[in-house]
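One structure is given here, and the rest of the page talks about it.
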Amino acid sequence: MESLKEKILIDGIALSEDVLKVDSFLNHQLDPELMVDIGKEFAKRVEGGKKVTKILTIEASGIAAALTTGLELGVPVLFARKKKSITMTDDNYVSQVYSFTKKEESDITVAKRFLNEDDHVLIVDDFLARGAAAFGLISIVEQAGASLAGVGIIIEKAFQDGGTKLREAGHPVYSLVRIQSLEKGKVYFVEEE
Ligand code: G4P
């Protein structure tokens with residue numbers, strides 16, 4: 001997605017060889033027009049085949065793009081919670097996600113009444129690094145007996161192994177941009193894009 005690449009090149013900051021800071025348009029402050037374009041792009045990529053019935057993401061940074069994708073596809077958007085809300089009195093699907101940045105396991109939770117075996121789910125998230133969040137969300141889709149349309153990722157860090165693990169497990173991955181490396185403050189994209 002060319003407009004996203006340009007945005008990353010102009011406003012992204014390679015904080016280290018592992019971490020790209022995109023808080024001026026994706027992680028903290030949001031660029032609404034870019035979010036709408038991202039939603040359109042995910043909808044286009046997942047078109048054909050069985051109809052998606054629900055978008056699933058995880059709070060917080062996945063929600064904006066999940067919303068615009070849901071708007072485009074005309075389906076509800078569901079986000080897994082990282083902390084159980086006091087209003088979550090229903091039965092829940094729970095999955096454990098290991099955070100490499102925080103070095104801890106945490107539970108992510110989705111109320112059972114929002115996801116069931118009739119759903120065909122598109123997962124959307126902002127970053128794909130080691131795939132912990134994506135696999136946690138896939139586990140929730142599986143617990144619900146739902147089917148997976150694919151995993152839509154805004155920025156895949158292709159030098160980390162999450163994308164490979166997801167593809168090897170047979171899950172369709174729709175990455176809008178794939179980063180080859182972050183070196184000396186510069187962003188290099190994977191060639192094929
Ligand atoms: P993984 O799910 O792919 O295994 O990722 P990992 O544990 O490495 O990442 C944990 C958090 O850090 C996630 O956000 C993820 O989106 C974010 N992250 C990973 N790599 C980068 C990066 O290069 N740049 C930025 N800006 N974020 C990155 P989170 O803690 O769930 O935060 P949020 O969704 O509440 O914002």
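In the structure tokens, chains take letters A, B, ... by order of appearance, with residues numbered from 1 within each chain and ligands from 1 in the order shown.
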Let's see if you can do this: from backbone DSSP, list all strand (DSSP E) residues in segment 31-193 of chain A, as a PyMOL selection string. chain A and resi 54-58+77-80+92-99+104-111+120-128+147-157+173-183+186-189
What residues in segment 38-168 of chain A get the DSSP label alpha helix (DSSP H)? Please answer as an MDAnalysis selection string. chainID A and resid 38:46 63:73 132:143 162:168
Selected residues written out, N, CA and C atoms, as an mmCIF file, in the first residue's frame:
data_model
loop_
_atom_site.group_PDB
_atom_site.id
_atom_site.type_symbol
_atom_site.label_atom_id
_atom_site.label_comp_id
_atom_site.auth_asym_id
_atom_site.auth_seq_id
_atom_site.Cartn_x
_atom_site.Cartn_y
_atom_site.Cartn_z
ATOM 1 N N ILE A 38 -6.983 2.367 4.925
ATOM 2 C CA ILE A 38 -6.550 1.047 5.399
ATOM 3 C C ILE A 38 -7.748 0.091 5.456
ATOM 4 N N GLY A 39 -8.871 0.599 5.940
ATOM 5 C CA GLY A 39 -10.096 -0.213 5.983
ATOM 6 C C GLY A 39 -10.514 -0.671 4.595
ATOM 7 N N LYS A 40 -10.423 0.250 3.619
ATOM 8 C CA LYS A 40 -10.790 -0.085 2.224
ATOM 9 C C LYS A 40 -9.846 -1.145 1.677
ATOM 10 N N GLU A 41 -8.574 -1.002 1.986
ATOM 11 C CA GLU A 41 -7.560 -1.934 1.474
ATOM 12 C C GLU A 41 -7.765 -3.347 2.049
ATOM 13 N N PHE A 42 -8.010 -3.427 3.346
ATOM 14 C CA PHE A 42 -8.264 -4.751 3.946
ATOM 15 C C PHE A 42 -9.512 -5.376 3.318
ATOM 16 N N ALA A 43 -10.555 -4.553 3.158
ATOM 17 C CA ALA A 43 -11.805 -5.071 2.591
ATOM 18 C C ALA A 43 -11.558 -5.614 1.185
ATOM 19 N N LYS A 44 -10.761 -4.877 0.396
ATOM 20 C CA LYS A 44 -10.450 -5.298 -0.976
ATOM 21 C C LYS A 44 -9.676 -6.629 -0.977
ATOM 22 N N ARG A 45 -8.702 -6.721 -0.060
ATOM 23 C CA ARG A 45 -7.845 -7.921 -0.062
ATOM 24 C C ARG A 45 -8.575 -9.183 0.378
ATOM 25 N N VAL A 46 -9.571 -9.009 1.213
ATOM 26 C CA VAL A 46 -10.250 -10.187 1.752
ATOM 27 C C VAL A 46 -11.492 -10.562 0.934
ATOM 28 N N ILE A 63 -7.884 -1.062 17.166
ATOM 29 C CA ILE A 63 -9.320 -0.753 17.068
ATOM 30 C C ILE A 63 -9.656 0.186 15.904
ATOM 31 N N ALA A 64 -8.835 1.198 15.680
ATOM 32 C CA ALA A 64 -9.184 2.193 14.653
ATOM 33 C C ALA A 64 -9.292 1.544 13.271
ATOM 34 N N ALA A 65 -8.293 0.750 12.903
ATOM 35 C CA ALA A 65 -8.320 0.115 11.583
ATOM 36 C C ALA A 65 -9.392 -0.965 11.519
ATOM 37 N N ALA A 66 -9.625 -1.628 12.637
ATOM 38 C CA ALA A 66 -10.695 -2.643 12.661
ATOM 39 C C ALA A 66 -12.040 -1.961 12.389
ATOM 40 N N LEU A 67 -12.214 -0.783 12.979
ATOM 41 C CA LEU A 67 -13.474 -0.048 12.805
ATOM 42 C C LEU A 67 -13.700 0.326 11.340
ATOM 43 N N THR A 68 -12.674 0.876 10.692
ATOM 44 C CA THR A 68 -12.860 1.303 9.302
ATOM 45 C C THR A 68 -13.027 0.086 8.381
ATOM 46 N N THR A 69 -12.414 -1.034 8.744
ATOM 47 C CA THR A 69 -12.589 -2.251 7.945
ATOM 48 C C THR A 69 -14.021 -2.779 8.113
ATOM 49 N N GLY A 70 -14.500 -2.742 9.344
ATOM 50 C CA GLY A 70 -15.881 -3.180 9.606
ATOM 51 C C GLY A 70 -16.887 -2.298 8.892
ATOM 52 N N LEU A 71 -16.589 -1.005 8.860
ATOM 53 C CA LEU A 71 -17.461 -0.041 8.173
ATOM 54 C C LEU A 71 -17.531 -0.381 6.679
ATOM 55 N N GLU A 72 -16.372 -0.666 6.120
ATOM 56 C CA GLU A 72 -16.277 -0.966 4.688
ATOM 57 C C GLU A 72 -17.001 -2.280 4.350
ATOM 58 N N LEU A 73 -16.846 -3.293 5.216
ATOM 59 C CA LEU A 73 -17.445 -4.598 4.948
ATOM 60 C C LEU A 73 -18.879 -4.699 5.487
ATOM 61 N N ALA A 132 2.449 -13.152 18.716
ATOM 62 C CA ALA A 132 1.779 -13.570 19.952
ATOM 63 C C ALA A 132 0.312 -13.107 19.977
ATOM 64 N N ALA A 133 0.085 -11.853 19.647
ATOM 65 C CA ALA A 133 -1.286 -11.333 19.684
ATOM 66 C C ALA A 133 -2.156 -12.042 18.644
ATOM 67 N N ALA A 134 -1.613 -12.229 17.422
ATOM 68 C CA ALA A 134 -2.393 -12.877 16.349
ATOM 69 C C ALA A 134 -2.771 -14.306 16.752
ATOM 70 N N PHE A 135 -1.814 -15.065 17.294
ATOM 71 C CA PHE A 135 -2.130 -16.441 17.693
ATOM 72 C C PHE A 135 -3.131 -16.472 18.857
ATOM 73 N N GLY A 136 -3.043 -15.485 19.753
ATOM 74 C CA GLY A 136 -4.020 -15.397 20.845
ATOM 75 C C GLY A 136 -5.424 -15.162 20.305
ATOM 76 N N LEU A 137 -5.527 -14.289 19.296
ATOM 77 C CA LEU A 137 -6.841 -14.007 18.698
ATOM 78 C C LEU A 137 -7.345 -15.218 17.903
ATOM 79 N N ILE A 138 -6.443 -15.902 17.212
ATOM 80 C CA ILE A 138 -6.840 -17.107 16.462
ATOM 81 C C ILE A 138 -7.367 -18.170 17.435
ATOM 82 N N SER A 139 -6.738 -18.283 18.590
ATOM 83 C CA SER A 139 -7.222 -19.240 19.586
ATOM 84 C C SER A 139 -8.664 -18.923 19.990
ATOM 85 N N ILE A 140 -8.963 -17.631 20.113
ATOM 86 C CA ILE A 140 -10.334 -17.245 20.486
ATOM 87 C C ILE A 140 -11.326 -17.602 19.368
ATOM 88 N N VAL A 141 -10.908 -17.383 18.119
ATOM 89 C CA VAL A 141 -11.763 -17.762 16.974
ATOM 90 C C VAL A 141 -12.012 -19.277 17.018
ATOM 91 N N GLU A 142 -10.965 -20.035 17.304
ATOM 92 C CA GLU A 142 -11.096 -21.506 17.353
ATOM 93 C C GLU A 142 -11.969 -21.947 18.521
ATOM 94 N N GLN A 143 -11.788 -21.319 19.679
ATOM 95 C CA GLN A 143 -12.627 -21.675 20.836
ATOM 96 C C GLN A 143 -14.110 -21.469 20.523
ATOM 97 N N GLY A 162 6.787 -13.731 13.280
ATOM 98 C CA GLY A 162 5.334 -13.907 13.375
ATOM 99 C C GLY A 162 4.678 -14.248 12.043
ATOM 100 N N GLY A 163 5.048 -13.541 10.978
ATOM 101 C CA GLY A 163 4.447 -13.770 9.657
ATOM 102 C C GLY A 163 4.732 -15.172 9.155
ATOM 103 N N THR A 164 5.970 -15.609 9.315
ATOM 104 C CA THR A 164 6.343 -16.956 8.875
ATOM 105 C C THR A 164 5.543 -18.004 9.654
ATOM 106 N N LYS A 165 5.443 -17.806 10.962
ATOM 107 C CA LYS A 165 4.721 -18.799 11.781
ATOM 108 C C LYS A 165 3.237 -18.864 11.386
ATOM 109 N N LEU A 166 2.640 -17.712 11.132
ATOM 110 C CA LEU A 166 1.218 -17.700 10.754
ATOM 111 C C LEU A 166 1.012 -18.384 9.409
ATOM 112 N N ARG A 167 1.893 -18.062 8.426
ATOM 113 C CA ARG A 167 1.742 -18.644 7.083
ATOM 114 C C ARG A 167 2.005 -20.141 7.125
ATOM 115 N N GLU A 168 3.016 -20.544 7.907
ATOM 116 C CA GLU A 168 3.304 -21.982 8.017
ATOM 117 C C GLU A 168 2.150 -22.734 8.661
#
Might you pull out every residue within 9 Å of Pro172 of chain A, with only C-alpha atoms counted and same-chain residues fewer than 3 positions away left off, and present them as number ranges by chain? A: 148-152, 166-167
Selected residues, C-alpha atoms, written as a short mmCIF file (atom, residue, chain, number, x, y, z; two decimals), in the first residue's frame, please.
data_model
loop_
_atom_site.label_atom_id
_atom_site.label_comp_id
_atom_site.auth_asym_id
_atom_site.auth_seq_id
_atom_site.Cartn_x
_atom_site.Cartn_y
_atom_site.Cartn_z
CA LEU A 148 -10.92 -17.57 10.01
CA ALA A 149 -10.97 -15.40 6.88
CA GLY A 150 -7.42 -14.26 7.55
CA VAL A 151 -5.20 -11.97 9.54
CA GLY A 152 -5.00 -8.34 8.33
CA LEU A 166 1.22 -17.70 10.75
CA ARG A 167 1.74 -18.64 7.08
#
Around ligand 1, at most 9 Å away and counting only C-alpha atoms and all ligand atoms, which residues are there? Put them as JSON, numbers by chain, please. {"A": [14, 15, 16, 17, 18, 19, 20, 21, 22, 23, 26, 27, 28, 58, 59, 60, 61, 62, 63, 82, 97, 98, 99, 100, 101, 102, 103, 125, 126, 127, 128, 129, 130, 131, 132, 133, 134, 135, 136, 155, 156, 157, 160, 161, 162, 163]}
Just the number, please: distance in Å from atom CA of Lys50 of chain A to atom CA of Val177 of chain A, one decimal.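 If I compute the distance from atom CA of Lys50 of chain A to atom CA of Val177 of chain A, I get 24.5 Å.
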Computed interatomic separation between atom CA of Lys7 of chain A and atom CA of Phe189 of chain A (Å):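 Those two atoms sit 12.8 Å apart.
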Rows by chain and residue number, segment 31-104 of chain A within 8 Å of segment 109-112 of chain A, shortest pair, only C-alpha atoms, as a tab-separated table:
residue	atom	partner	partner_atom	distance
A:Phe79	CA	A:Val110	CA	7.3
A:Ala80	CA	A:Val110	CA	5.1
A:Arg81	CA	A:Thr109	CA	5.2
A:Lys82	CA	A:Thr109	CA	6.6
A:Lys83	CA	A:Thr109	CA	7.6
A:Lys84	CA	A:Thr109	CA	6.6
A:Met88	CA	A:Ala111	CA	7.0
A:Asp90	CA	A:Ala111	CA	6.2
A:Asp91	CA	A:Lys112	CA	5.7
A:Asn92	CA	A:Ala111	CA	4.3
A:Tyr93	CA	A:Val110	CA	5.2
A:Val94	CA	A:Thr109	CA	4.7
A:Ser95	CA	A:Thr109	CA	6.7
Deliver the residues from the most recent selection as a file, using all heavy atoms, as a tab-separated table (two decimals), in the first residue's frame.
chain	number	residue	atom	x	y	z
A	79	PHE	N	-13.46	-6.19	19.85
A	79	PHE	CA	-12.07	-6.16	20.29
A	79	PHE	C	-11.87	-6.96	21.57
A	79	PHE	O	-12.68	-6.88	22.49
A	79	PHE	CB	-11.53	-4.73	20.43
A	79	PHE	CG	-12.19	-3.85	21.46
A	79	PHE	CD1	-11.71	-3.79	22.75
A	79	PHE	CD2	-13.28	-3.06	21.11
A	79	PHE	CE1	-12.30	-2.96	23.70
A	79	PHE	CE2	-13.87	-2.23	22.05
A	79	PHE	CZ	-13.39	-2.18	23.35
A	80	ALA	N	-10.80	-7.74	21.58
A	80	ALA	CA	-10.45	-8.49	22.79
A	80	ALA	C	-9.95	-7.49	23.82
A	80	ALA	O	-9.25	-6.54	23.49
A	80	ALA	CB	-9.37	-9.51	22.47
A	81	ARG	N	-10.34	-7.73	25.06
A	81	ARG	CA	-9.89	-6.86	26.15
A	81	ARG	C	-8.66	-7.45	26.80
A	81	ARG	O	-8.55	-8.67	26.96
A	81	ARG	CB	-11.00	-6.72	27.20
A	81	ARG	CG	-12.18	-5.90	26.73
A	81	ARG	CD	-13.11	-5.68	27.91
A	81	ARG	NE	-14.29	-4.89	27.54
A	81	ARG	CZ	-14.33	-3.56	27.59
A	81	ARG	NH1	-13.26	-2.88	27.95
A	81	ARG	NH2	-15.43	-2.92	27.27
A	82	LYS	N	-7.76	-6.55	27.19
A	82	LYS	CA	-6.56	-7.01	27.90
A	82	LYS	C	-6.81	-7.07	29.40
A	82	LYS	O	-6.15	-7.81	30.11
A	82	LYS	CB	-5.40	-6.07	27.62
A	82	LYS	CG	-4.91	-6.17	26.19
A	82	LYS	CD	-3.79	-5.19	25.97
A	82	LYS	CE	-3.28	-5.26	24.55
A	82	LYS	NZ	-2.49	-4.09	24.21
A	83	LYS	N	-7.74	-6.25	29.85
A	83	LYS	CA	-8.13	-6.32	31.27
A	83	LYS	C	-9.62	-6.59	31.29
A	83	LYS	O	-10.38	-5.93	30.59
A	83	LYS	CB	-7.85	-4.99	31.97
A	83	LYS	CG	-6.39	-4.71	32.21
A	83	LYS	CD	-6.16	-4.05	33.57
A	83	LYS	CE	-4.71	-4.05	33.97
A	83	LYS	NZ	-3.90	-3.09	33.17
A	84	LYS	N	-10.02	-7.56	32.09
A	84	LYS	CA	-11.44	-7.89	32.13
A	84	LYS	C	-12.23	-6.72	32.69
A	84	LYS	O	-11.88	-6.17	33.73
A	84	LYS	CB	-11.63	-9.13	33.03
A	84	LYS	CG	-12.71	-10.04	32.53
A	84	LYS	CD	-12.82	-11.28	33.36
A	84	LYS	CE	-14.28	-11.64	33.47
A	84	LYS	NZ	-14.61	-12.41	34.63
A	88	MET	N	-18.10	-7.37	32.18
A	88	MET	CA	-17.98	-8.68	31.51
A	88	MET	C	-18.41	-9.80	32.45
A	88	MET	O	-17.59	-10.53	33.00
A	88	MET	CB	-16.55	-8.91	31.03
A	88	MET	CG	-16.19	-8.04	29.84
A	88	MET	SD	-14.61	-8.48	29.14
A	88	MET	CE	-15.07	-9.63	27.88
A	90	ASP	N	-20.55	-12.15	31.48
A	90	ASP	CA	-20.92	-13.34	30.71
A	90	ASP	C	-19.80	-14.36	30.75
A	90	ASP	O	-18.73	-14.12	31.28
A	90	ASP	CB	-21.11	-13.00	29.22
A	90	ASP	CG	-21.88	-11.75	29.01
A	90	ASP	OD1	-23.07	-11.77	29.31
A	90	ASP	OD2	-21.28	-10.76	28.55
A	91	ASP	N	-20.08	-15.46	30.10
A	91	ASP	CA	-19.05	-16.45	29.84
A	91	ASP	C	-18.09	-15.88	28.81
A	91	ASP	O	-18.51	-15.23	27.86
A	91	ASP	CB	-19.72	-17.68	29.22
A	91	ASP	CG	-19.85	-18.77	30.25
A	91	ASP	OD1	-19.43	-18.55	31.39
A	91	ASP	OD2	-20.36	-19.85	29.88
A	92	ASN	N	-16.82	-16.14	29.00
A	92	ASN	CA	-15.82	-15.54	28.11
A	92	ASN	C	-14.92	-16.58	27.47
A	92	ASN	O	-14.65	-17.63	28.05
A	92	ASN	CB	-14.93	-14.59	28.92
A	92	ASN	CG	-15.72	-13.48	29.56
A	92	ASN	OD1	-16.48	-12.79	28.88
A	92	ASN	ND2	-15.57	-13.31	30.85
A	93	TYR	N	-14.43	-16.24	26.28
A	93	TYR	CA	-13.28	-16.96	25.71
A	93	TYR	C	-12.05	-16.25	26.24
A	93	TYR	O	-11.99	-15.01	26.25
A	93	TYR	CB	-13.27	-16.87	24.19
A	93	TYR	CG	-14.52	-17.38	23.52
A	93	TYR	CD1	-15.34	-16.51	22.80
A	93	TYR	CD2	-14.88	-18.72	23.57
A	93	TYR	CE1	-16.49	-16.96	22.16
A	93	TYR	CE2	-16.03	-19.19	22.94
A	93	TYR	CZ	-16.82	-18.30	22.24
A	93	TYR	OH	-17.96	-18.75	21.62
A	94	VAL	N	-11.07	-17.03	26.67
A	94	VAL	CA	-9.84	-16.44	27.22
A	94	VAL	C	-8.64	-17.09	26.56
A	94	VAL	O	-8.64	-18.31	26.30
A	94	VAL	CB	-9.77	-16.66	28.76
A	94	VAL	CG1	-8.48	-16.04	29.32
A	94	VAL	CG2	-10.97	-16.05	29.46
A	95	SER	N	-7.66	-16.26	26.24
A	95	SER	CA	-6.44	-16.81	25.65
A	95	SER	C	-5.25	-16.10	26.28
A	95	SER	O	-5.32	-14.93	26.62
A	95	SER	CB	-6.52	-16.55	24.14
A	95	SER	OG	-5.30	-16.82	23.55
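In this structure, atom CA of Gly12 of chain A sits 8.7 Å away from atom CA of Phe25 of chain A.
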Could you tell me which of A:Asp107, A:Asp119, A:Glu2, A:Glu183 comes closest to Val75 of chain A if we count only C-alpha atoms?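 Of all the options, A:Asp119 lies closest to Val75 of chain A.
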Under the rule that only C-alpha atoms are counted, which of A:Leu30, A:Ile86, A:Leu56, A:Val173 is the nearest residue to Phe114 of chain A?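 For Phe114 of chain A, the nearest of the given residues is A:Leu56.
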